[in-house]
$ cat start_14.txt   # compact mmCIF, C-alpha atoms
# COMPACT_ATOMS: atom_id res chain seq x y z
CA PHE A 1 12.66 -7.43 -46.11
CA VAL A 2 9.79 -5.18 -47.18
CA LEU A 3 10.64 -2.59 -44.54
CA GLU A 4 14.31 -2.57 -45.60
CA TRP A 5 13.32 -2.15 -49.27
CA VAL A 6 11.03 0.74 -48.36
CA GLN A 7 13.76 2.43 -46.38
CA VAL A 8 16.40 2.05 -49.12
CA PHE A 9 14.17 3.58 -51.75
CA GLY A 10 13.46 6.67 -49.69
CA PHE A 11 10.15 5.87 -48.04
CA GLY A 12 11.38 6.17 -44.49
CA LYS A 13 8.12 7.79 -43.40
CA ILE A 14 6.20 4.62 -44.26
CA LYS A 15 8.45 2.54 -42.07
CA LYS A 16 8.10 5.05 -39.24
CA THR A 17 4.32 4.98 -39.52
CA ILE A 18 4.22 1.19 -39.35
CA GLN A 19 6.35 1.16 -36.22
CA LYS A 20 4.20 3.85 -34.60
CA ASN A 21 0.99 1.98 -35.27
CA ASN A 22 2.43 -1.19 -33.78
CA MET A 23 3.17 0.71 -30.55
CA SER A 24 -0.14 2.54 -30.25
CA LYS A 25 -2.51 1.62 -27.44
CA ARG A 26 -6.20 2.02 -26.80
CA ILE A 27 -6.76 3.79 -23.48
CA PHE A 28 -10.06 3.73 -21.60
CA ILE A 29 -10.31 6.78 -19.32
CA VAL A 30 -12.75 6.95 -16.41
CA TYR A 31 -13.00 10.53 -15.16
CA GLY A 32 -14.51 10.79 -11.68
CA HIS A 33 -14.46 14.51 -10.82
CA HIS A 34 -17.71 16.51 -10.91
CA ASN A 35 -16.01 19.43 -12.67
CA THR A 36 -15.35 18.32 -16.24
CA LYS A 37 -14.61 21.82 -17.60
CA LYS A 38 -12.21 23.62 -15.26
CA SER A 39 -10.38 21.82 -12.46
CA PHE A 40 -6.98 20.38 -11.70
CA ASN A 41 -8.25 16.87 -12.46
CA GLN A 42 -9.65 18.13 -15.77
CA GLU A 43 -6.18 19.47 -16.59
CA ILE A 44 -4.70 16.04 -15.85
CA ARG A 45 -7.29 14.42 -18.12
CA ASP A 46 -6.83 16.84 -21.01
CA THR A 47 -3.02 16.93 -20.76
CA PHE A 48 -2.93 13.13 -20.78
CA ILE A 49 -5.26 12.92 -23.78
CA SER A 50 -3.37 15.58 -25.75
CA GLU A 51 -0.02 13.87 -25.20
CA ALA A 52 -1.44 10.42 -25.89
CA LYS A 53 -2.94 11.49 -29.22
CA LYS A 54 0.38 13.04 -30.26
CA LEU A 55 1.96 9.61 -29.78
CA GLY A 56 -0.73 7.83 -31.78
CA HIS A 57 -2.74 6.31 -28.92
CA GLU A 58 -6.52 5.95 -29.14
CA ILE A 59 -8.76 7.35 -26.38
CA ASP A 60 -12.12 6.09 -25.13
CA LEU A 61 -13.30 8.59 -22.50
CA ILE A 62 -16.20 8.55 -20.09
CA ASN A 63 -16.89 11.53 -17.82
CA LEU A 64 -18.96 9.83 -15.12
CA HIS A 65 -20.92 12.97 -14.21
CA GLU A 66 -21.98 13.32 -17.85
CA GLU A 67 -22.97 9.66 -18.25
CA GLU A 68 -26.34 8.19 -17.40
CA LEU A 69 -26.16 7.68 -13.66
CA ILE A 70 -25.81 4.06 -12.65
CA PRO A 71 -27.57 2.82 -9.49
CA PHE A 72 -25.76 1.49 -6.47
CA TYR A 73 -25.15 -2.25 -6.38
CA ASP A 74 -28.45 -4.02 -5.71
CA GLY A 75 -27.60 -7.66 -6.43
CA LEU A 76 -29.21 -7.67 -9.86
CA GLU A 77 -27.54 -8.79 -13.08
CA PRO A 78 -25.37 -6.12 -14.77
CA SER A 79 -27.29 -3.64 -16.89
CA LYS A 80 -26.71 -2.95 -20.59
CA GLN A 81 -24.76 0.14 -19.56
CA ILE A 82 -22.39 -1.90 -17.38
CA LEU A 83 -21.99 -4.53 -20.10
CA ASN A 84 -21.16 -1.76 -22.56
CA TYR A 85 -18.41 -0.46 -20.28
CA ARG A 86 -16.99 -3.97 -19.95
CA ASP A 87 -17.06 -4.51 -23.70
CA ARG A 88 -15.12 -1.28 -24.23
CA LEU A 89 -12.65 -2.23 -21.50
CA GLU A 90 -11.97 -5.57 -23.16
CA LYS A 91 -10.99 -3.71 -26.32
CA CYS A 92 -8.52 -1.46 -24.50
CA ASP A 93 -4.90 -1.96 -23.47
CA VAL A 94 -4.91 0.55 -20.60
CA MET A 95 -7.51 1.64 -18.04
CA PHE A 96 -6.91 5.11 -16.58
CA MET A 97 -9.01 6.22 -13.60
CA ILE A 98 -8.88 9.87 -12.49
CA SER A 99 -10.21 11.19 -9.17
CA PRO A 100 -9.53 13.60 -6.33
CA CYS A 101 -9.24 12.09 -2.87
CA TYR A 102 -12.33 12.71 -0.72
CA ASN A 103 -12.38 11.37 2.86
CA LEU A 104 -9.43 9.09 2.05
CA ARG A 105 -11.32 7.56 -0.88
CA ALA A 106 -11.89 8.16 -4.55
CA THR A 107 -15.10 10.04 -5.37
CA ALA A 108 -18.33 8.17 -4.63
CA ILE A 109 -19.27 8.09 -8.31
CA LEU A 110 -15.98 6.41 -9.25
CA GLU A 111 -16.11 4.02 -6.29
CA ASN A 112 -19.61 2.95 -7.37
CA TRP A 113 -18.42 2.49 -10.97
CA ILE A 114 -15.62 0.23 -9.72
CA ASP A 115 -18.06 -1.81 -7.61
CA LEU A 116 -20.40 -2.40 -10.54
CA VAL A 117 -18.02 -2.74 -13.49
CA LEU A 118 -14.91 -4.39 -12.02
CA ALA A 119 -16.93 -7.13 -10.38
CA PRO A 120 -17.08 -10.95 -10.37
CA LYS A 121 -17.25 -13.01 -12.41
CA TRP A 122 -16.18 -10.81 -15.27
CA PHE A 123 -13.25 -9.11 -13.51
CA PHE A 124 -12.23 -12.06 -11.34
CA ALA A 125 -13.57 -15.31 -9.97
CA PHE A 126 -12.94 -17.16 -6.72
CA LYS A 127 -11.44 -20.65 -6.61
CA GLN A 128 -12.53 -22.41 -3.47
CA LEU A 129 -10.07 -24.69 -1.67
CA VAL A 130 -11.57 -25.41 1.76
CA GLY A 131 -14.59 -23.66 3.26
CA ASN A 132 -14.16 -19.93 2.70
CA TRP A 133 -10.47 -20.33 1.88
CA GLY A 134 -9.34 -19.99 -1.70
CA TYR A 135 -7.75 -17.63 -4.18
CA PRO A 136 -8.82 -15.22 -6.96
CA ILE A 137 -8.64 -16.09 -10.65
CA ALA A 138 -8.13 -13.04 -12.86
CA GLY A 139 -10.73 -12.45 -15.55
CA ALA A 140 -11.14 -10.33 -18.68
CA MET A 141 -8.62 -7.61 -17.76
CA LYS A 142 -5.78 -9.93 -16.75
CA GLY A 143 -2.35 -8.61 -17.70
CA LYS A 144 -3.60 -5.19 -18.78
CA LEU A 145 -2.34 -1.93 -17.31
CA ALA A 146 -4.31 0.14 -14.80
CA ILE A 147 -3.33 3.73 -14.01
CA VAL A 148 -4.82 5.41 -10.96
CA SER A 149 -4.53 9.20 -10.75
CA MET A 150 -5.31 10.66 -7.33
CA THR A 151 -5.00 14.26 -6.20
CA TYR A 152 -4.55 15.28 -2.56
CA GLY A 153 -4.64 18.57 -0.72
CA GLY A 154 -2.11 17.35 1.84
CA ASN A 155 1.61 16.77 1.48
CA TRP A 156 3.03 13.35 0.55
CA PHE A 157 4.55 12.66 3.98
CA SER A 158 1.29 13.13 5.89
CA ILE A 159 -0.79 11.17 3.40
CA GLN A 160 1.52 8.18 3.03
CA THR A 161 2.59 7.98 6.68
CA TRP A 162 -0.60 8.46 8.68
CA PHE A 163 -3.36 7.11 6.49
CA PRO A 164 -2.91 3.38 5.70
CA ASN A 165 -6.26 3.08 3.90
CA ILE A 166 -5.68 5.75 1.27
CA PRO A 167 -7.27 4.90 -2.08
CA PHE A 168 -4.25 3.96 -4.15
CA ARG A 169 -3.33 1.19 -1.69
CA ARG A 170 -6.88 -0.07 -1.18
CA ILE A 171 -7.92 0.00 -4.84
CA LYS A 172 -4.77 -1.80 -5.93
CA ALA A 173 -4.87 -4.53 -3.29
CA GLY A 174 -8.64 -4.88 -3.01
CA VAL A 175 -9.60 -4.62 -6.68
CA LEU A 176 -6.92 -4.35 -9.37
CA LYS A 177 -4.70 -7.12 -8.04
CA LEU A 178 -7.67 -9.51 -7.93
CA GLY A 179 -8.24 -8.84 -11.63
CA GLY A 180 -4.61 -9.52 -12.48
CA MET A 181 -3.92 -5.96 -13.62
CA ARG A 182 -0.57 -4.21 -13.46
CA THR A 183 -0.80 -0.85 -11.68
CA ILE A 184 0.87 2.53 -12.10
CA TYR A 185 0.14 5.41 -9.71
CA ASP A 186 -0.10 9.05 -10.72
CA ARG A 187 -0.16 10.89 -7.39
CA HIS A 188 -0.42 14.65 -7.09
CA TYR A 189 0.05 16.22 -3.65
CA GLU A 190 -0.60 19.75 -2.31
CA VAL A 191 -3.23 20.45 -4.96
CA LEU A 192 -4.70 23.62 -3.48
CA PRO A 193 -6.15 26.93 -4.68
CA GLY A 194 -3.48 29.49 -5.46
CA MET A 195 -0.96 26.97 -6.78
CA SER A 196 1.86 28.74 -8.60
CA LYS A 197 2.13 28.39 -12.37
CA GLU A 198 5.56 26.79 -12.00
CA LYS A 199 4.24 24.12 -9.62
CA PHE A 200 1.24 23.47 -11.86
CA GLU A 201 3.51 22.96 -14.86
CA ARG A 202 5.64 20.48 -12.90
CA HIS A 203 2.51 18.43 -12.22
CA MET A 204 1.52 18.48 -15.89
CA GLU A 205 5.01 17.52 -17.01
CA ARG A 206 4.74 14.44 -14.83
CA VAL A 207 1.53 13.55 -16.67
CA ARG A 208 3.26 13.93 -20.04
CA LYS A 209 6.13 11.72 -18.90
CA LEU A 210 3.62 9.12 -17.74
CA VAL A 211 2.12 8.95 -21.25
CA LYS A 212 5.56 8.61 -22.84
CA LYS A 213 6.27 5.53 -20.70
CA LEU A 214 3.28 3.61 -22.06
$ encode --input "start_14.txt" --output "structure tokens"
Amino acid sequence: FVLEWVQVFGFGKIKKTIQKNNMSKRIFIVYGHHNTKKSFNQEIRDTFISEAKKLGHEIDLINLHEEELIPFYDGLEPSKQILNYRDRLEKCDVMFMISPCYNLRATAILENWIDLVLAPKWFFAFKQLVGNWGYPIAGAMKGKLAIVSMTYGGNWFSIQTWFPNIPFRRIKAGVLKLGGMRTIYDRHYEVLPGMSKEKFERHMERVRKLVKKL
């Protein structure tokens, strides 16, 4: 009733603002490329952020190479830094991880971040049935959206046909699915030096369309 009254008396902009705020999301971005200033992955990051802000979304960004380096998993309890990441993730609606593909994996710094942050018992727990048999129980990120952006030098046919352990399959099945997250892929193939401006713009337009679907 209030929205209809506002609209009738010429305050359509107020109604539009209310609707926009209700649709806005908080997006936690984990950027895993060493080059944070000038690279194809940096262009993906910045294009995504620019488009997201235009649509009223909030951004929480960490550039892993500019963060305090976290140690490899050593069996100890999570540090304050890891707990801080988890707290920020709990406040978000979307987790967006960005990385090039190195040796059929995400970058080591992003892989290590995944191992330490998206870990039991916060991300998922294990319900034992018999012996070592059981099933995962999703944790704090259950039902939220995960986006994985991966860039490849090779063409899509070679990557998807001959390499069954490529990161977007492994990370989804081995990590994100255990945590009960929904997954969207943002795959960019033939990312090589000398890319034409037209091809580059097609890649960036795909990123913009991805944001508009959120």
$ residues_near_point --input "start_14.txt" --point "(-11.8, -14.2, -14.0)" --cutoff "8 Å" --atoms "only C-alpha atoms" --output "ChimeraX atom specification"
/A:120-126,136-140,142,179
$ closest_residue --input "start_14.txt" --among "A:Leu129, A:Thr161, A:His188, A:Ser79" --to "Phe200 in chain A" --atoms "all atoms listed in the file"
A:His188
$ atom_distance --input "start_14.txt" --atom1 "CA of Val94 in chain A" --atom2 "CA of Ile147 in chain A"
7.5 Å
$ atom_distance --input "start_14.txt" --atom1 "CA of Leu210 in chain A" --atom2 "CA of Ser50 in chain A"
12.4 Å
$ closest_residue --input "start_14.txt" --among "A:His34, A:Lys127, A:His57, A:Arg45" --to "Met204 in chain A" --atoms "all atoms listed in the file"
A:Arg45
$ closest_residue --input "start_14.txt" --among "A:Tyr73, A:Trp133, A:Trp162, A:Phe48" --to "Ile29 in chain A" --atoms "all atoms listed in the file"
A:Phe48
$ closest_residue --input "start_14.txt" --among "A:Asn63, A:Thr183, A:Gln160, A:Thr47" --to "Leu110 in chain A" --atoms "all atoms listed in the file"
A:Asn63
$ atom_distance --input "start_14.txt" --atom1 "CA of Thr151 in chain A" --atom2 "CA of Arg187 in chain A"
6.0 Å
$ residues_near_point --input "start_14.txt" --point "(-0.9, 12.4, -16.2)" --cutoff "12 Å" --atoms "all atoms listed in the file" --output "PyMOL selection string"
chain A and resi 29+40-52+96-99+147-151+184-188+201-214
$ closest_residue --input "start_14.txt" --among "A:Leu83, A:Ala119, A:Ala106, A:Ile27" --to "Arg170 in chain A" --atoms "only C-alpha atoms"
A:Ala106
